[in-house]
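> Have a look at the structure that comes next, please.
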Amino acid sequence: MTVDQSTKDKAQRLRALAGDTVLVLPNAWDAGSAAVIAAAGAPAIATTSGGVAWSLGRGDGQQATRDEMLAAAARIVAAVDVPVTVDVEGGYGAAPAEVAQTVAAVVAAGAVGINLEDSRAAGGPLFTPEEQAERIAAARAAATEAGLPELVINARTDVYLFGIGEESGRLDDVLARAAAYAEAGADGVFVPGLLDLGVLADLSARSPLPVNAMAGPGGPSVTDLAKAGVRRVSVGTGVAQAAYTAARRATLELLSTGTYDELDGSLDFFQMNGLFSG
């Protein structure tokens with residue numbers, strides 16, 4: 001496969017963004033949301049598997065297929081000029097060869113990064129560190145073979161998200177996983193479910209990989225996360241949830257009172273259309 005120079009440049013840009021300062025990644029789920037996020041000034045975009053799945057009428061957790069997820073990713077890449085990193089969930093297959101197939105499709109879609117989680121299923125159990133390291137190594141090899149060795153691999157571990165093991169041992173578990181994942185070729189470690197600033201600071205100081213946190217309402221600000229050493233912040237399905245909540249509120253108002261106040265302040269038709277009109 002031949003990867004064009006612009007895609008390689010985007011991969012290098014994504015790497016540079018993560019190294020320069022804390023990288024804040026709003027999560028998109030379709031071409032429209034991606035275009036709005038890019039127009040708002042986001043330097044890079046992450047996809048959300050949950051948001052993509054919902055837009056297809058499916059639930060999160062690999063209920064959408066690899067082909068469906070990667071088709072959505074390709075539409076997002078085509079809609080924006082910024083680097084796009086794709087949430088590929090568990091890789092759409094447990095075997096390293098299946099992860100490699102997914103990564104090849106990511107590169108073909110024009111994306112320049114992935115999130116790859118170590119959960120076998122929602123809620124666990126997790127792949128062992130050795131098993132997941134083998135899957136990450138397969139992802140790295142597949143990216144290189146596809147012509148994009150610069151692909152950014154963000155290795156997600158769900159130790160905290162799903163409460164795996166005794167609480168007192170979770171930090172050591174994540175550190176052991178980060179070490180194994182780094183050796184296998186990962187570029188970062190993503191630890192959703194962990195927002196304790198003290199633990200994040202300890203993890204950030206000891207991890208061989210830059211730490212990514214998933215933030216949201218009621219949690220620490222980006223500034224506080226950055227002070228704790230976090231290098232990358234995303235919001236998962238949060239933006240998609242907000243968009244669907246806006247649709248629900250507008251519908252409830254329209255059906256109950258026949259008024260339209262919930263639509264006030266919306267992007268107007270010409271603003272939206274202008275994101276796509278030549």
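We name chains A, B, ... following the order of the structure tokens; residues begin at 1 in each chain, and ligands are numbered from 1 as shown.
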Need to verify the contact set: Pro217 in chain A, 12 Å, only C-alpha atoms, exclusion of same-chain residues closer than 3 positions in sequence. Can you return it as a compact mmCIF listing (two decimals) with all heavy atoms, in the first residue's frame?


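Writing the result to out.txt gives the following:
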```txt
# COMPACT_ATOMS: atom_id res chain seq x y z
N LEU A 195 -9.56 9.26 37.39
CA LEU A 195 -9.54 10.72 37.43
C LEU A 195 -9.05 11.25 38.77
O LEU A 195 -9.15 12.45 39.04
CB LEU A 195 -10.92 11.29 37.11
CG LEU A 195 -11.34 11.18 35.63
CD1 LEU A 195 -12.79 11.61 35.43
CD2 LEU A 195 -10.42 12.00 34.74
N MET A 214 -9.59 10.11 30.28
CA MET A 214 -10.91 10.43 29.72
C MET A 214 -11.65 11.29 30.73
O MET A 214 -11.94 10.84 31.85
CB MET A 214 -11.71 9.16 29.41
CG MET A 214 -13.03 9.46 28.73
SD MET A 214 -13.80 7.99 27.99
CE MET A 214 -14.27 7.06 29.45
N PRO A 220 -11.89 16.48 36.92
CA PRO A 220 -10.88 17.54 36.88
C PRO A 220 -10.87 18.24 35.53
O PRO A 220 -11.19 17.65 34.49
CB PRO A 220 -9.56 16.80 37.12
CG PRO A 220 -9.94 15.48 37.69
CD PRO A 220 -11.29 15.16 37.15
N SER A 221 -10.47 19.52 35.55
CA SER A 221 -10.34 20.28 34.32
C SER A 221 -9.12 19.83 33.54
O SER A 221 -8.24 19.15 34.07
CB SER A 221 -10.22 21.77 34.63
OG SER A 221 -8.99 22.02 35.29
N VAL A 222 -9.05 20.25 32.29
CA VAL A 222 -7.87 19.95 31.49
C VAL A 222 -6.62 20.53 32.15
O VAL A 222 -5.57 19.88 32.19
CB VAL A 222 -8.04 20.51 30.05
CG1 VAL A 222 -6.72 20.43 29.29
CG2 VAL A 222 -9.13 19.75 29.31
N VAL A 235 -12.85 12.94 25.66
CA VAL A 235 -14.11 12.93 26.41
C VAL A 235 -15.02 11.77 26.01
O VAL A 235 -16.19 11.75 26.36
CB VAL A 235 -14.87 14.27 26.27
CG1 VAL A 235 -14.10 15.39 26.96
CG2 VAL A 235 -15.13 14.62 24.81
N GLY A 236 -14.47 10.80 25.28
CA GLY A 236 -15.26 9.61 24.95
C GLY A 236 -16.54 9.96 24.20
O GLY A 236 -16.53 10.70 23.22
N THR A 237 -17.65 9.44 24.70
CA THR A 237 -18.94 9.68 24.06
C THR A 237 -19.58 11.00 24.49
O THR A 237 -20.70 11.31 24.09
CB THR A 237 -19.93 8.55 24.39
OG1 THR A 237 -20.03 8.44 25.83
CG2 THR A 237 -19.48 7.21 23.82
N GLY A 238 -18.87 11.81 25.29
CA GLY A 238 -19.47 12.99 25.91
C GLY A 238 -20.07 13.98 24.94
O GLY A 238 -21.19 14.47 25.15
N VAL A 239 -19.35 14.33 23.87
CA VAL A 239 -19.88 15.31 22.92
C VAL A 239 -21.09 14.73 22.18
O VAL A 239 -22.10 15.43 21.96
CB VAL A 239 -18.80 15.77 21.93
CG1 VAL A 239 -19.37 16.76 20.92
CG2 VAL A 239 -17.63 16.41 22.68
N GLN A 241 -23.16 12.49 23.36
CA GLN A 241 -24.27 12.50 24.32
C GLN A 241 -24.90 13.88 24.41
O GLN A 241 -26.12 14.02 24.48
CB GLN A 241 -23.77 12.05 25.69
CG GLN A 241 -23.46 10.58 25.79
CD GLN A 241 -22.82 10.22 27.12
OE1 GLN A 241 -21.63 9.94 27.20
NE2 GLN A 241 -23.61 10.25 28.18
N ALA A 242 -24.05 14.92 24.42
CA ALA A 242 -24.57 16.28 24.50
C ALA A 242 -25.41 16.61 23.27
O ALA A 242 -26.46 17.26 23.37
CB ALA A 242 -23.42 17.28 24.64
```

> Taking only range 74-268 of chain A into account, list the residues labelled strand (DSSP E) by DSSP (computed from the backbone), as a PyMOL selection string.

chain A and resi 84-87+113-117+152-156+188-190+211-214+232-234

> Just write the chosen residues, N, CA, C and O atoms, as an mmCIF file, in the first residue's frame.


```cif
data_model
loop_
_atom_site.group_PDB
_atom_site.id
_atom_site.type_symbol
_atom_site.label_atom_id
_atom_site.label_comp_id
_atom_site.auth_asym_id
_atom_site.auth_seq_id
_atom_site.Cartn_x
_atom_site.Cartn_y
_atom_site.Cartn_z
ATOM 1 N N VAL A 84 -6.686 12.523 12.264
ATOM 2 C CA VAL A 84 -7.785 11.761 12.879
ATOM 3 C C VAL A 84 -7.229 10.470 13.452
ATOM 4 O O VAL A 84 -6.507 9.729 12.776
ATOM 5 N N THR A 85 -7.570 10.205 14.710
ATOM 6 C CA THR A 85 -7.218 8.940 15.339
ATOM 7 C C THR A 85 -8.508 8.182 15.639
ATOM 8 O O THR A 85 -9.501 8.769 16.067
ATOM 9 N N VAL A 86 -8.503 6.880 15.388
ATOM 10 C CA VAL A 86 -9.729 6.083 15.380
ATOM 11 C C VAL A 86 -9.799 5.158 16.587
ATOM 12 O O VAL A 86 -8.840 4.444 16.906
ATOM 13 N N ASP A 87 -10.950 5.179 17.239
ATOM 14 C CA ASP A 87 -11.234 4.223 18.310
ATOM 15 C C ASP A 87 -11.609 2.898 17.656
ATOM 16 O O ASP A 87 -12.714 2.750 17.121
ATOM 17 N N GLY A 113 -3.943 7.386 13.609
ATOM 18 C CA GLY A 113 -3.786 6.898 14.972
ATOM 19 C C GLY A 113 -4.910 5.949 15.322
ATOM 20 O O GLY A 113 -5.939 5.897 14.634
ATOM 21 N N ILE A 114 -4.695 5.177 16.389
ATOM 22 C CA ILE A 114 -5.738 4.285 16.899
ATOM 23 C C ILE A 114 -5.730 4.292 18.420
ATOM 24 O O ILE A 114 -4.713 4.570 19.056
ATOM 25 N N ASN A 115 -6.878 3.974 18.999
ATOM 26 C CA ASN A 115 -6.991 3.508 20.379
ATOM 27 C C ASN A 115 -7.271 2.017 20.297
ATOM 28 O O ASN A 115 -8.197 1.599 19.579
ATOM 29 N N LEU A 116 -6.505 1.222 21.019
ATOM 30 C CA LEU A 116 -6.722 -0.223 21.046
ATOM 31 C C LEU A 116 -6.833 -0.662 22.491
ATOM 32 O O LEU A 116 -5.891 -0.517 23.270
ATOM 33 N N GLU A 117 -7.983 -1.187 22.872
ATOM 34 C CA GLU A 117 -8.219 -1.520 24.272
ATOM 35 C C GLU A 117 -7.865 -2.962 24.581
ATOM 36 O O GLU A 117 -7.819 -3.822 23.691
ATOM 37 N N VAL A 152 0.121 6.471 15.255
ATOM 38 C CA VAL A 152 0.153 6.655 16.708
ATOM 39 C C VAL A 152 -0.757 5.606 17.357
ATOM 40 O O VAL A 152 -1.959 5.571 17.097
ATOM 41 N N ILE A 153 -0.169 4.773 18.197
ATOM 42 C CA ILE A 153 -0.926 3.718 18.878
ATOM 43 C C ILE A 153 -1.116 4.103 20.334
ATOM 44 O O ILE A 153 -0.157 4.182 21.105
ATOM 45 N N ASN A 154 -2.355 4.369 20.701
ATOM 46 C CA ASN A 154 -2.711 4.696 22.078
ATOM 47 C C ASN A 154 -3.297 3.438 22.700
ATOM 48 O O ASN A 154 -4.372 2.976 22.294
ATOM 49 N N ALA A 155 -2.568 2.844 23.619
ATOM 50 C CA ALA A 155 -2.971 1.555 24.205
ATOM 51 C C ALA A 155 -3.882 1.807 25.400
ATOM 52 O O ALA A 155 -3.447 2.324 26.430
ATOM 53 N N ARG A 156 -5.133 1.457 25.250
ATOM 54 C CA ARG A 156 -6.102 1.661 26.331
ATOM 55 C C ARG A 156 -6.111 0.448 27.246
ATOM 56 O O ARG A 156 -6.198 -0.692 26.788
ATOM 57 N N GLY A 188 1.363 5.589 23.696
ATOM 58 C CA GLY A 188 0.724 6.189 24.856
ATOM 59 C C GLY A 188 -0.120 5.156 25.558
ATOM 60 O O GLY A 188 -0.438 4.106 24.991
ATOM 61 N N VAL A 189 -0.486 5.448 26.811
ATOM 62 C CA VAL A 189 -1.376 4.559 27.556
ATOM 63 C C VAL A 189 -2.593 5.372 27.983
ATOM 64 O O VAL A 189 -2.487 6.466 28.522
ATOM 65 N N PHE A 190 -3.752 4.821 27.690
ATOM 66 C CA PHE A 190 -5.041 5.471 27.945
ATOM 67 C C PHE A 190 -5.713 4.728 29.088
ATOM 68 O O PHE A 190 -5.920 3.512 29.006
ATOM 69 N N VAL A 211 0.503 9.562 29.404
ATOM 70 C CA VAL A 211 -0.789 9.108 29.918
ATOM 71 C C VAL A 211 -1.921 9.918 29.296
ATOM 72 O O VAL A 211 -1.872 11.140 29.204
ATOM 73 N N ASN A 212 -2.968 9.200 28.871
ATOM 74 C CA ASN A 212 -4.203 9.783 28.345
ATOM 75 C C ASN A 212 -5.309 9.517 29.353
ATOM 76 O O ASN A 212 -5.464 8.390 29.829
ATOM 77 N N ALA A 213 -6.080 10.570 29.698
ATOM 78 C CA ALA A 213 -7.222 10.414 30.592
ATOM 79 C C ALA A 213 -8.501 10.738 29.845
ATOM 80 O O ALA A 213 -8.503 11.526 28.900
ATOM 81 N N MET A 214 -9.592 10.111 30.280
ATOM 82 C CA MET A 214 -10.910 10.429 29.725
ATOM 83 C C MET A 214 -11.650 11.287 30.733
ATOM 84 O O MET A 214 -11.941 10.836 31.848
ATOM 85 N N ARG A 232 -2.606 13.799 27.343
ATOM 86 C CA ARG A 232 -3.654 13.710 26.319
ATOM 87 C C ARG A 232 -4.987 13.542 27.030
ATOM 88 O O ARG A 232 -5.108 12.742 27.972
ATOM 89 N N VAL A 233 -6.003 14.308 26.598
ATOM 90 C CA VAL A 233 -7.321 14.281 27.232
ATOM 91 C C VAL A 233 -8.382 14.131 26.155
ATOM 92 O O VAL A 233 -8.370 14.855 25.150
ATOM 93 N N SER A 234 -9.286 13.194 26.354
ATOM 94 C CA SER A 234 -10.427 13.027 25.459
ATOM 95 C C SER A 234 -11.687 12.900 26.309
ATOM 96 O O SER A 234 -11.610 12.781 27.533
#
```

> So which residues of range 33-192 of chain A fall under helix (DSSP H, G or I) by DSSP, listed as a ChimeraX atom specification?

/A:33-39,49-55,66-79,96-108,129-145,167-184

> Residues near Glu262 in chain A, anyone? I mean within 8 Å using only C-alpha atoms, not counting same-chain ones fewer than 3 positions away, as a PyMOL selection string.

chain A and resi 246+249-250+253

> So that I can check the surroundings of range 119-134 of chain A, please list as JSON, numbers by chain every protein, DNA and RNA residue that reaches within 10 Å of it, counting only C-alpha atoms and ignoring chain neighbours fewer than 2 positions away.

{"A": [60, 61, 62, 89, 90, 91, 93, 94, 95, 96, 97, 99, 116, 117, 136, 137, 138, 139, 140, 155, 156, 157, 158, 159, 161, 162, 163, 164, 173, 174, 176, 177, 178, 179, 180, 181, 182, 183, 184, 185, 186]}

> How far is it from CA of Ala243 in chain A to CA of Leu70 in chain A, in Å with one decimal?

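CA of Leu70 in chain A lies at a distance of 21.9 Å from CA of Ala243 in chain A.
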
> Residues within 9 Å of range 63-69 of chain A, please, as a CSV table (one decimal) with N, CA, C and O atoms, in the first residue's frame. Count only C-alpha atoms; anything in the same chain fewer than 4 positions from it doesn't count.


```
chain,number,residue,atom,x,y,z
A,49,SER,N,-16.2,5.3,19.5
A,49,SER,CA,-16.8,4.1,19.0
A,49,SER,C,-18.3,4.1,19.4
A,49,SER,O,-19.2,3.7,18.6
A,52,VAL,N,-20.2,6.6,17.1
A,52,VAL,CA,-20.3,6.0,15.7
A,52,VAL,C,-21.4,4.9,15.7
A,52,VAL,O,-22.3,4.8,14.8
A,53,ALA,N,-21.3,4.0,16.7
A,53,ALA,CA,-22.3,2.9,16.8
A,53,ALA,C,-23.7,3.5,16.9
A,53,ALA,O,-24.6,3.0,16.2
A,56,LEU,N,-25.3,4.6,13.8
A,56,LEU,CA,-25.6,3.5,12.9
A,56,LEU,C,-26.8,2.7,13.5
A,56,LEU,O,-27.2,1.6,12.9
A,57,GLY,N,-27.3,3.1,14.6
A,57,GLY,CA,-28.4,2.4,15.2
A,57,GLY,C,-28.0,1.1,16.0
A,57,GLY,O,-28.7,0.2,16.2
A,58,ARG,N,-26.7,1.1,16.5
A,58,ARG,CA,-26.2,0.0,17.2
A,58,ARG,C,-25.7,0.5,18.6
A,58,ARG,O,-25.6,1.6,18.8
A,59,GLY,N,-25.5,-0.5,19.5
A,59,GLY,CA,-24.9,-0.2,20.8
A,59,GLY,C,-23.4,-0.2,20.7
A,59,GLY,O,-22.8,-0.8,19.7
A,73,ALA,N,-15.0,6.2,9.7
A,73,ALA,CA,-13.7,6.9,9.9
A,73,ALA,C,-13.3,7.5,8.6
A,73,ALA,O,-12.7,8.6,8.6
A,74,ALA,N,-13.5,6.8,7.5
A,74,ALA,CA,-13.1,7.3,6.2
A,74,ALA,C,-13.9,8.6,5.9
A,74,ALA,O,-13.3,9.6,5.3
A,86,VAL,N,-8.5,6.9,15.4
A,86,VAL,CA,-9.7,6.1,15.4
A,86,VAL,C,-9.8,5.2,16.6
A,86,VAL,O,-8.8,4.4,16.9
A,87,ASP,N,-10.9,5.2,17.2
A,87,ASP,CA,-11.2,4.2,18.3
A,87,ASP,C,-11.6,2.9,17.7
A,87,ASP,O,-12.7,2.8,17.1
A,88,VAL,N,-10.7,1.9,17.7
A,88,VAL,CA,-11.0,0.6,17.1
A,88,VAL,C,-11.4,-0.4,18.1
A,88,VAL,O,-11.3,-1.6,17.9
A,91,GLY,N,-10.1,-4.0,18.5
A,91,GLY,CA,-9.5,-4.4,17.3
A,91,GLY,C,-10.3,-5.3,16.4
A,91,GLY,O,-9.8,-5.7,15.3
A,92,TYR,N,-11.6,-5.5,16.8
A,92,TYR,CA,-12.5,-6.4,16.0
A,92,TYR,C,-12.0,-7.8,15.7
A,92,TYR,O,-12.1,-8.3,14.6
A,102,THR,N,-7.4,-4.9,11.0
A,102,THR,CA,-8.0,-3.6,11.4
A,102,THR,C,-7.1,-2.4,11.1
A,102,THR,O,-7.5,-1.4,10.6
A,105,ALA,N,-6.8,-1.5,7.6
A,105,ALA,CA,-8.0,-0.7,7.2
A,105,ALA,C,-8.0,0.7,7.7
A,105,ALA,O,-8.5,1.6,7.0
```

> Take CA of Ala40 in chain A and CA of Met272 in chain A and report the distance between them in Å, one decimal.

12.0 Å

> May I have a table of the residues of range 84-135 of chain A lying at most 8 Å from range 3-24 of chain A, giving each one's closest pair of atoms and their distance in Å to one decimal, counting only C-alpha atoms, ordered by chain and ascending residue number, as JSON lines?


```
{"residue": "A:Val107", "atom": "CA", "partner": "A:Val3", "partner_atom": "CA", "distance": 7.9}
{"residue": "A:Gly110", "atom": "CA", "partner": "A:Thr7", "partner_atom": "CA", "distance": 6.4}
{"residue": "A:Ala111", "atom": "CA", "partner": "A:Thr7", "partner_atom": "CA", "distance": 7.5}
{"residue": "A:Val112", "atom": "CA", "partner": "A:Ala11", "partner_atom": "CA", "distance": 5.0}
{"residue": "A:Gly113", "atom": "CA", "partner": "A:Ala11", "partner_atom": "CA", "distance": 7.3}
```

> What separation in Å, quoted to one decimal, exists between CA of Gly165 in chain A and CA of Leu200 in chain A?

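Interatomic distance here is 18.0 Å.
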
> Counting only C-alpha atoms, figure out which residue out of A:Ser33, A:Gln271, A:Asp196, A:Ile76 gets nearest to Gly218 in chain A.

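Closest to Gly218 in chain A of all the choices is A:Asp196.
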